[in-house]
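Only one structure is covered here, and it is reproduced in the block below.
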Amino acid sequence: MTAPGTLETRSASPFSSVSLCLCGLFVCVSLAFSASPHAQTRPWLSERPPRPLPARDVKFPPYQIQTLPNGLQVVAVLHHEQPAVSMRLLIRAGSASDPKGKLGLVHELASLLDQGTETKSAGELADAIDFIGGAMGTGAATDVAYLNMVVMKDSFENGLRMLSDMARHPAFSSAEIDRQRQQTLSGLRVSFEDPGFVADSVFERLVYGFHPYGMPHSGTPETISGITREDLVAFHRKYFAPNNAILAVVGDVTTEEAFDTVRNVFGDWERKEIPVEKFIDPPNPTRRLIVVNKPDAVQTEVRVGHIGIPRRHPDYMAVNLAIRILGGEGSNRLHNVLRTQRGLTYGAQADMDTLKETGDFEAHTNTRSTATAEVVRLIFDEFWRLQRDPVAERELADAKAYLTGSFPLTIETPDAIAMQILNVVFYGLPIEDLQNFRERVNAVTVDDIQRVARAYLKPDRLSVVLVGNVVAFEKDLKGVGFNDYEKVELGNLDLTAADFKRPAARAGAAVQPRLRPISSRRVAYRSTTEDAEDTGERSPVAASVRQAGGGVASIAPQEGADARALLDRAIAAKGGIEKLRAIRSLAAVTSTSMTTPEGVVQAEATTILEYPTRVRVDTKLQGVASLQVFDGEHAWVRDPSGVHDVPARATRELQASLRRDTIALLLAADRGTVRTRLLPDIKDDSGTLHHALEMSATDLDPLVLYIDPETSLISKQTYIAGGAGQPLIEEIYSDYRAVDGVQFAFVATLRRGGQPVLERRVTGIEINTRLEPTLFKRPTP
């Protein structure tokens with residue numbers, strides 16, 4: 001260990017990122033012990049990270065744009081690095097075009113486009129795409145609906161005809177409509193329980209008012225139940241037309257081949273008169289606080305912001321960089337203040353959504369209930385500071401470096417190129433904007449940032465949404481300037497009402513809220529794997545590029561009975577729910593091999609874990625003995641130099657590690673306090689297929705449990721510790737043995753960012769051994 005107040009250079013802290021949950025046996029060994037004893041007195045290095053390397057030259061591939069006689073805009077991009085072709089068809093009608101009283105119709109319609117045509121059933125369509133080794137997907141965002149197809153070059157025309165059939169001749173069969181309706185209603189029920197989705201939904205409604213951008217894009221239980229086949233057919237007939245569509249063909253084709261094939265397939269698609277939609281204007285920025293009361297919440301979801309700018313705005317790039325300095329990649333003042341300096345949250349961000357009509361600026365985070373008012377005050381302070389004070393050259397340079405450095409990643413594949421092309425064409429921007437992207441970013445100056453911050457940010461008119469236990473923080477709101485606020489009980493929330501309350505609530509009756517399901521606009525934009533958001537070019541079709549294994553189709557987690565069945569099998573394999581509930585403590589002796597720059601070092605440890613929150617680790621490393629203890633509230637370390645407190649940040653990371661303990665996880669999931677979702681089966685590095693469960697909660701960042709399909713034992717756990725941008729942590733479990741009827745992994749390997757960090761072998765485990773109270777007591781000086 002290091003002297004008090006310092007840390008060894010390769011470790012974040014005691015109890016840090018290599019704290020390992022051995023499938024129910026929590027064992028902490030800090031990387032701080034991985035240095036040789038004589039190196040443990042070195043202070044933490046404080047210099048800044050190195051400047052980014054000079055950007056390499058990036059060439060956007062050659063392209064051509066043509067408009068067919070029927071009005072279909074076609075973009076062909078030549079990309080010969082892979083023998084594949086990506087096709088994306090964009091329809092200029094998204095959820096903002098939902099008919100009155102039919103909220104969610106466009107999302108329902110889009111989800112049915114690949115579920116059968118007039119000549120092929122859903123199964124036949126799936127078999128056809130599988131036969132040619134392709135992938136397909138459909139969906140909807142705020143301004144658009146879309147269809148995707150990726151095929152090998154020799155199946156280009158076949159794939160294009162399938163895309164045409166899906167777009168022009170969907171079956172809308174009654175059976176598929178009913179199936180999709182039930183899935184949507186199930187998703188709505190799940191969304192009711194998630195404070196994050198509630199906060200996003202209320203924020204959009206608060207900022208956009210009754211403009212379509214603020215309405216529940218995936219509908220409400222009432223509107224979804226009322227959508228008929230006739231409604232779907234009428235909308236399709238009204239908006240699906242070549243003169244209301246854009247088609248991008250990107251891949252291993254020539255321009256002649258691309259345009260000739262498109263004319264052969266889509267040339268007979270008849271153009272139509274498309275109605276011109278007029279939307280009401282969103283409200284001006286208004287200082288207003290909505291508190292959605294969720295009495296059982298231990299954290300508060302926080303959203304702060306106001307109306308923004310549309311995508312075509314001439315100051316887009318400068319505003320984009322300003323918001324990134326506030327809370328985006330490359331800079332992020334909010335994260336620095338709220339997490340690094342104050343330790344109030346696991347992460348904080350600010351985003352800018354820019355759509356066709358308008359957009360919004362939003363800061364978002366979550367925090368413990370008692371810190372809610374302080375977090376709101378600090379967010380307000382950062383909005384004011386960005387407007388008031390010039391940003392530092394280094395801050396702007398870092399934000400620019402992120403944008404320019406990540407831009408090549410967004411044009412690496414045919415899919416990514418197609419998405420970028422459709423983005424600029426949809427918004428009526430010149431494609432040259434992609435070719436000179438870096439020049440446009442680097443042209444923004446410090447003066448530009450201050451100019452746009454003063455012009456477009458309104459710190460005195462920020463709208464605030466809080467979702468949490470209002471009793472825990474309402475007395476503090478006056479202290480941060482909110483003498484008045486509007487409280488809505490979660491059970492009485494109605495996003496379609498001016499005061500956010502259902503009529504029955506005004507009479508005192510609690511009813512189910514109206515919320516959007518997981519497939520909302522905001523979520524779709526922020527969860528893609530190849531999103532133009534990484535470059536600041538937010539896309540109306542970003543939701544269409546979520547990929548898995550190179551495919552285009554979205555992978556939708558399943559919830560409900562299937563997830564519960566897999567959870568039950570994992571609990572049974574572990575030893576059964578009664579045995580797990582009976583575990584009060586664990587004591588284990590372990591031997592650990594750790595990979596360090598000096599080579600492999602060995603550590604011997606005895607770990608005692610008293611559920612739910614107390615842990616003690618006695619370690620001997622290279623002849624040096626140390627002790628690490630967390631008593632449920634405070635953490636301390638004893639080494640040859642004395643007894644030292646563990647920093648608050650490291651203590652929070654320890655608490656997060658305890659939440660990831662698999663015995664605690666399985667019990668929490670069984671109680672319903674951890675949300676469980678069934679993911680598609682996943683292959684590991686060796687090609688072995690595993691079942692997968694995603695688990696998350698308000699105080700638990702998402703993690704994935706890999707479950708062996710034969711034994712139902714947990715074979716791996718993966719997660720990201722420390723927030724966005726950190727490497728993936730993999731804990732791999734093997735050599736399961738029964739101890740008093742409970743299965744434990746006697747061998748565990750930890751990998752960080754794909755690189756092995758340590759391997760731990762258990763030599764002995766005792767369950768419910770008698771523990772002396774002094775084990776967790778800090779020694780007096």
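The way I read the labels, and the way they are meant: chains A, B, ... in the order of the structure tokens, residue 1 as the first residue of every chain, and ligand 1 as the first ligand shown, with later ones counted on from there.
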
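Excluding Val589 in chain A itself and same-chain residues fewer than 6 positions from it, the residues having an atom within 10 Å of it are Val27, Glu604, Ala605, Thr606, Thr607, Ile608, Val617, Asp618, Thr619, Arg761, Val762, Thr763, Gly764, Ile765 and Glu766 of chain A, counting only C-alpha atoms.
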
Same residues, N, CA and C atoms, output as a PDB file, in the first residue's frame:
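That gives us result_23.pdb:
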ATOM      1  N   VAL A  27     -14.466 -11.451  -3.483  1.00  0.00           N
ATOM      2  CA  VAL A  27     -13.101 -11.407  -2.997  1.00  0.00           C
ATOM      3  C   VAL A  27     -12.443 -10.155  -3.526  1.00  0.00           C
ATOM      4  N   GLU A 604      -1.838 -14.375  -1.674  1.00  0.00           N
ATOM      5  CA  GLU A 604      -2.666 -15.292  -0.904  1.00  0.00           C
ATOM      6  C   GLU A 604      -3.633 -14.450  -0.070  1.00  0.00           C
ATOM      7  N   ALA A 605      -4.884 -14.853  -0.011  1.00  0.00           N
ATOM      8  CA  ALA A 605      -5.872 -14.034   0.693  1.00  0.00           C
ATOM      9  C   ALA A 605      -6.888 -14.893   1.410  1.00  0.00           C
ATOM     10  N   THR A 606      -7.358 -14.371   2.518  1.00  0.00           N
ATOM     11  CA  THR A 606      -8.514 -14.929   3.217  1.00  0.00           C
ATOM     12  C   THR A 606      -9.592 -13.857   3.209  1.00  0.00           C
ATOM     13  N   THR A 607     -10.751 -14.197   2.679  1.00  0.00           N
ATOM     14  CA  THR A 607     -11.838 -13.230   2.513  1.00  0.00           C
ATOM     15  C   THR A 607     -13.040 -13.670   3.333  1.00  0.00           C
ATOM     16  N   ILE A 608     -13.616 -12.708   4.026  1.00  0.00           N
ATOM     17  CA  ILE A 608     -14.840 -12.957   4.784  1.00  0.00           C
ATOM     18  C   ILE A 608     -15.891 -11.970   4.301  1.00  0.00           C
ATOM     19  N   VAL A 617     -10.751  -8.550   3.828  1.00  0.00           N
ATOM     20  CA  VAL A 617      -9.786  -9.296   3.031  1.00  0.00           C
ATOM     21  C   VAL A 617      -8.410  -9.170   3.669  1.00  0.00           C
ATOM     22  N   ASP A 618      -7.855 -10.292   4.148  1.00  0.00           N
ATOM     23  CA  ASP A 618      -6.480 -10.356   4.643  1.00  0.00           C
ATOM     24  C   ASP A 618      -5.609 -10.890   3.515  1.00  0.00           C
ATOM     25  N   THR A 619      -4.614 -10.105   3.096  1.00  0.00           N
ATOM     26  CA  THR A 619      -3.814 -10.442   1.927  1.00  0.00           C
ATOM     27  C   THR A 619      -2.335 -10.480   2.287  1.00  0.00           C
ATOM     28  N   ARG A 761      -7.783 -18.877  -7.711  1.00  0.00           N
ATOM     29  CA  ARG A 761      -8.191 -20.245  -7.385  1.00  0.00           C
ATOM     30  C   ARG A 761      -8.567 -20.318  -5.913  1.00  0.00           C
ATOM     31  N   VAL A 762      -9.717 -20.910  -5.665  1.00  0.00           N
ATOM     32  CA  VAL A 762     -10.211 -21.070  -4.297  1.00  0.00           C
ATOM     33  C   VAL A 762      -9.683 -22.381  -3.743  1.00  0.00           C
ATOM     34  N   THR A 763      -9.132 -22.317  -2.528  1.00  0.00           N
ATOM     35  CA  THR A 763      -8.643 -23.543  -1.894  1.00  0.00           C
ATOM     36  C   THR A 763      -9.540 -24.006  -0.756  1.00  0.00           C
ATOM     37  N   GLY A 764     -10.470 -23.135  -0.322  1.00  0.00           N
ATOM     38  CA  GLY A 764     -11.395 -23.545   0.715  1.00  0.00           C
ATOM     39  C   GLY A 764     -12.499 -22.523   0.919  1.00  0.00           C
ATOM     40  N   ILE A 765     -13.716 -23.023   1.197  1.00  0.00           N
ATOM     41  CA  ILE A 765     -14.863 -22.154   1.426  1.00  0.00           C
ATOM     42  C   ILE A 765     -15.661 -22.689   2.610  1.00  0.00           C
ATOM     43  N   GLU A 766     -16.088 -21.793   3.469  1.00  0.00           N
ATOM     44  CA  GLU A 766     -17.008 -22.145   4.546  1.00  0.00           C
ATOM     45  C   GLU A 766     -18.216 -21.220   4.478  1.00  0.00           C
TER      46      GLU A 766
END

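If you measure from each of A:Gly133, A:Pro295, A:Gly479, A:Pro414 to Asp252 in chain A using only C-alpha atoms, the closest one turns out to be A:Pro414.
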
Pro195 in chain A surroundings by only C-alpha atoms, 9 Å radius, close-in-sequence under 5 positions cut, as a compact mmCIF listing (two decimals) with C-alpha atoms, in the first residue's frame:
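The file below, part-v3.txt, is the result:
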# COMPACT_ATOMS: atom_id res chain seq x y z
CA ASP A 200 -37.02 10.97 -20.41
CA LYS A 294 -41.85 7.30 -6.72
CA ALA A 297 -36.93 5.03 -5.16
CA THR A 300 -33.46 10.41 -8.29
CA GLU A 301 -33.40 10.62 -12.07
CA VAL A 467 -38.25 11.18 -10.68
CA GLY A 468 -37.73 9.84 -7.20
CA THR A 698 -31.47 2.20 -10.37

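Between CA of His313 in chain A and CA of Ile325 in chain A there is a distance of 19.2 Å.
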
I'd like the neighbourhood of Ser95 in chain A as a count of residues only, where a residue qualifies if any of its atoms comes within 8 Å (using only C-alpha atoms), though same-chain residues fewer than 5 positions away should be ignored. 13

For Asp296 in chain A, work out the shell of residues within 12 Å, counting only C-alpha atoms and skipping chain neighbours fewer than 6 positions away, then give it as a list of chain:residue names. A:Glu193, A:Asp194, A:Pro195, A:Ser369, A:Val467, A:Gly468, A:Asn469, A:Val470, A:Val471, A:Ala472, A:Glu489, A:Leu490, A:Thr673, A:Thr698

Enumerate, as number ranges by chain, the complete set of residues in range 97-186 of chain A that a backbone-based DSSP assignment places in helix (DSSP H, G or I). A: 97, 105-112, 122-131, 153-168, 174-186

DSSP strand (DSSP E) residues within range 103-204 of chain A, listed as a PDB file with N, CA and C atoms, in the first residue's frame:
ATOM      1  N   ALA A 135     -29.304 -10.030 -44.009  1.00  0.00           N
ATOM      2  CA  ALA A 135     -29.949  -9.576 -42.782  1.00  0.00           C
ATOM      3  C   ALA A 135     -30.870  -8.426 -43.133  1.00  0.00           C
ATOM      4  N   MET A 136     -31.967  -8.317 -42.399  1.00  0.00           N
ATOM      5  CA  MET A 136     -32.931  -7.258 -42.670  1.00  0.00           C
ATOM      6  C   MET A 136     -33.425  -6.679 -41.355  1.00  0.00           C
ATOM      7  N   GLY A 137     -33.980  -5.486 -41.434  1.00  0.00           N
ATOM      8  CA  GLY A 137     -34.518  -4.857 -40.244  1.00  0.00           C
ATOM      9  C   GLY A 137     -35.407  -3.691 -40.623  1.00  0.00           C
ATOM     10  N   THR A 138     -36.302  -3.345 -39.741  1.00  0.00           N
ATOM     11  CA  THR A 138     -37.205  -2.217 -39.960  1.00  0.00           C
ATOM     12  C   THR A 138     -37.385  -1.474 -38.652  1.00  0.00           C
ATOM     13  N   GLY A 139     -37.907  -0.258 -38.731  1.00  0.00           N
ATOM     14  CA  GLY A 139     -38.158   0.490 -37.518  1.00  0.00           C
ATOM     15  C   GLY A 139     -38.664   1.876 -37.821  1.00  0.00           C
ATOM     16  N   ALA A 140     -38.811   2.659 -36.769  1.00  0.00           N
ATOM     17  CA  ALA A 140     -39.283   4.027 -36.914  1.00  0.00           C
ATOM     18  C   ALA A 140     -38.595   4.897 -35.885  1.00  0.00           C
ATOM     19  N   ALA A 145     -39.573   6.508 -40.998  1.00  0.00           N
ATOM     20  CA  ALA A 145     -39.633   5.051 -40.887  1.00  0.00           C
ATOM     21  C   ALA A 145     -38.562   4.513 -41.834  1.00  0.00           C
ATOM     22  N   TYR A 146     -38.079   3.311 -41.599  1.00  0.00           N
ATOM     23  CA  TYR A 146     -36.964   2.830 -42.408  1.00  0.00           C
ATOM     24  C   TYR A 146     -36.985   1.312 -42.543  1.00  0.00           C
ATOM     25  N   LEU A 147     -36.322   0.848 -43.603  1.00  0.00           N
ATOM     26  CA  LEU A 147     -36.121  -0.575 -43.861  1.00  0.00           C
ATOM     27  C   LEU A 147     -34.664  -0.765 -44.256  1.00  0.00           C
ATOM     28  N   ASN A 148     -34.041  -1.833 -43.763  1.00  0.00           N
ATOM     29  CA  ASN A 148     -32.632  -2.103 -44.031  1.00  0.00           C
ATOM     30  C   ASN A 148     -32.474  -3.491 -44.631  1.00  0.00           C
ATOM     31  N   MET A 149     -31.457  -3.635 -45.461  1.00  0.00           N
ATOM     32  CA  MET A 149     -31.141  -4.944 -46.037  1.00  0.00           C
ATOM     33  C   MET A 149     -29.648  -4.985 -46.315  1.00  0.00           C
ATOM     34  N   VAL A 150     -28.986  -6.041 -45.886  1.00  0.00           N
ATOM     35  CA  VAL A 150     -27.583  -6.268 -46.211  1.00  0.00           C
ATOM     36  C   VAL A 150     -27.460  -7.662 -46.809  1.00  0.00           C
ATOM     37  N   VAL A 151     -26.828  -7.755 -47.994  1.00  0.00           N
ATOM     38  CA  VAL A 151     -26.659  -9.035 -48.671  1.00  0.00           C
ATOM     39  C   VAL A 151     -25.266  -9.094 -49.283  1.00  0.00           C
ATOM     40  N   MET A 152     -24.861 -10.283 -49.670  1.00  0.00           N
ATOM     41  CA  MET A 152     -23.629 -10.408 -50.440  1.00  0.00           C
ATOM     42  C   MET A 152     -23.864  -9.855 -51.845  1.00  0.00           C
TER      43      MET A 152
END

Excluding Thr651 in chain A and its own-chain neighbours fewer than 4 positions away, which residues fall within 8 Å of it when counting only C-alpha atoms? Please give them as a PyMOL selection string. chain A and resi 15+634-635+646-647+655

Include C-alpha atoms and write out the residues we just selected as a PDB file, in the first residue's frame.
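Here's the written file result_10.pdb:
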ATOM      1  CA  PHE A  15     -11.090  -2.208  -3.576  1.00  0.00           C
ATOM      2  CA  HIS A 634     -16.807   3.041   5.664  1.00  0.00           C
ATOM      3  CA  ALA A 635     -13.769   1.351   4.146  1.00  0.00           C
ATOM      4  CA  VAL A 646     -10.304   4.476   1.542  1.00  0.00           C
ATOM      5  CA  PRO A 647     -11.382   7.425  -0.650  1.00  0.00           C
ATOM      6  CA  GLN A 655     -20.417  -0.991  -3.112  1.00  0.00           C
TER       7      GLN A 655
END

Report as a list of chain:residue names all protein, DNA and RNA residues lying within 8 Å of Leu396 in chain A, evaluated on only C-alpha atoms, omitting residues in the same chain fewer than 6 positions from it. A:Leu321, A:Ile325, A:Ser331, A:Thr445, A:Val446
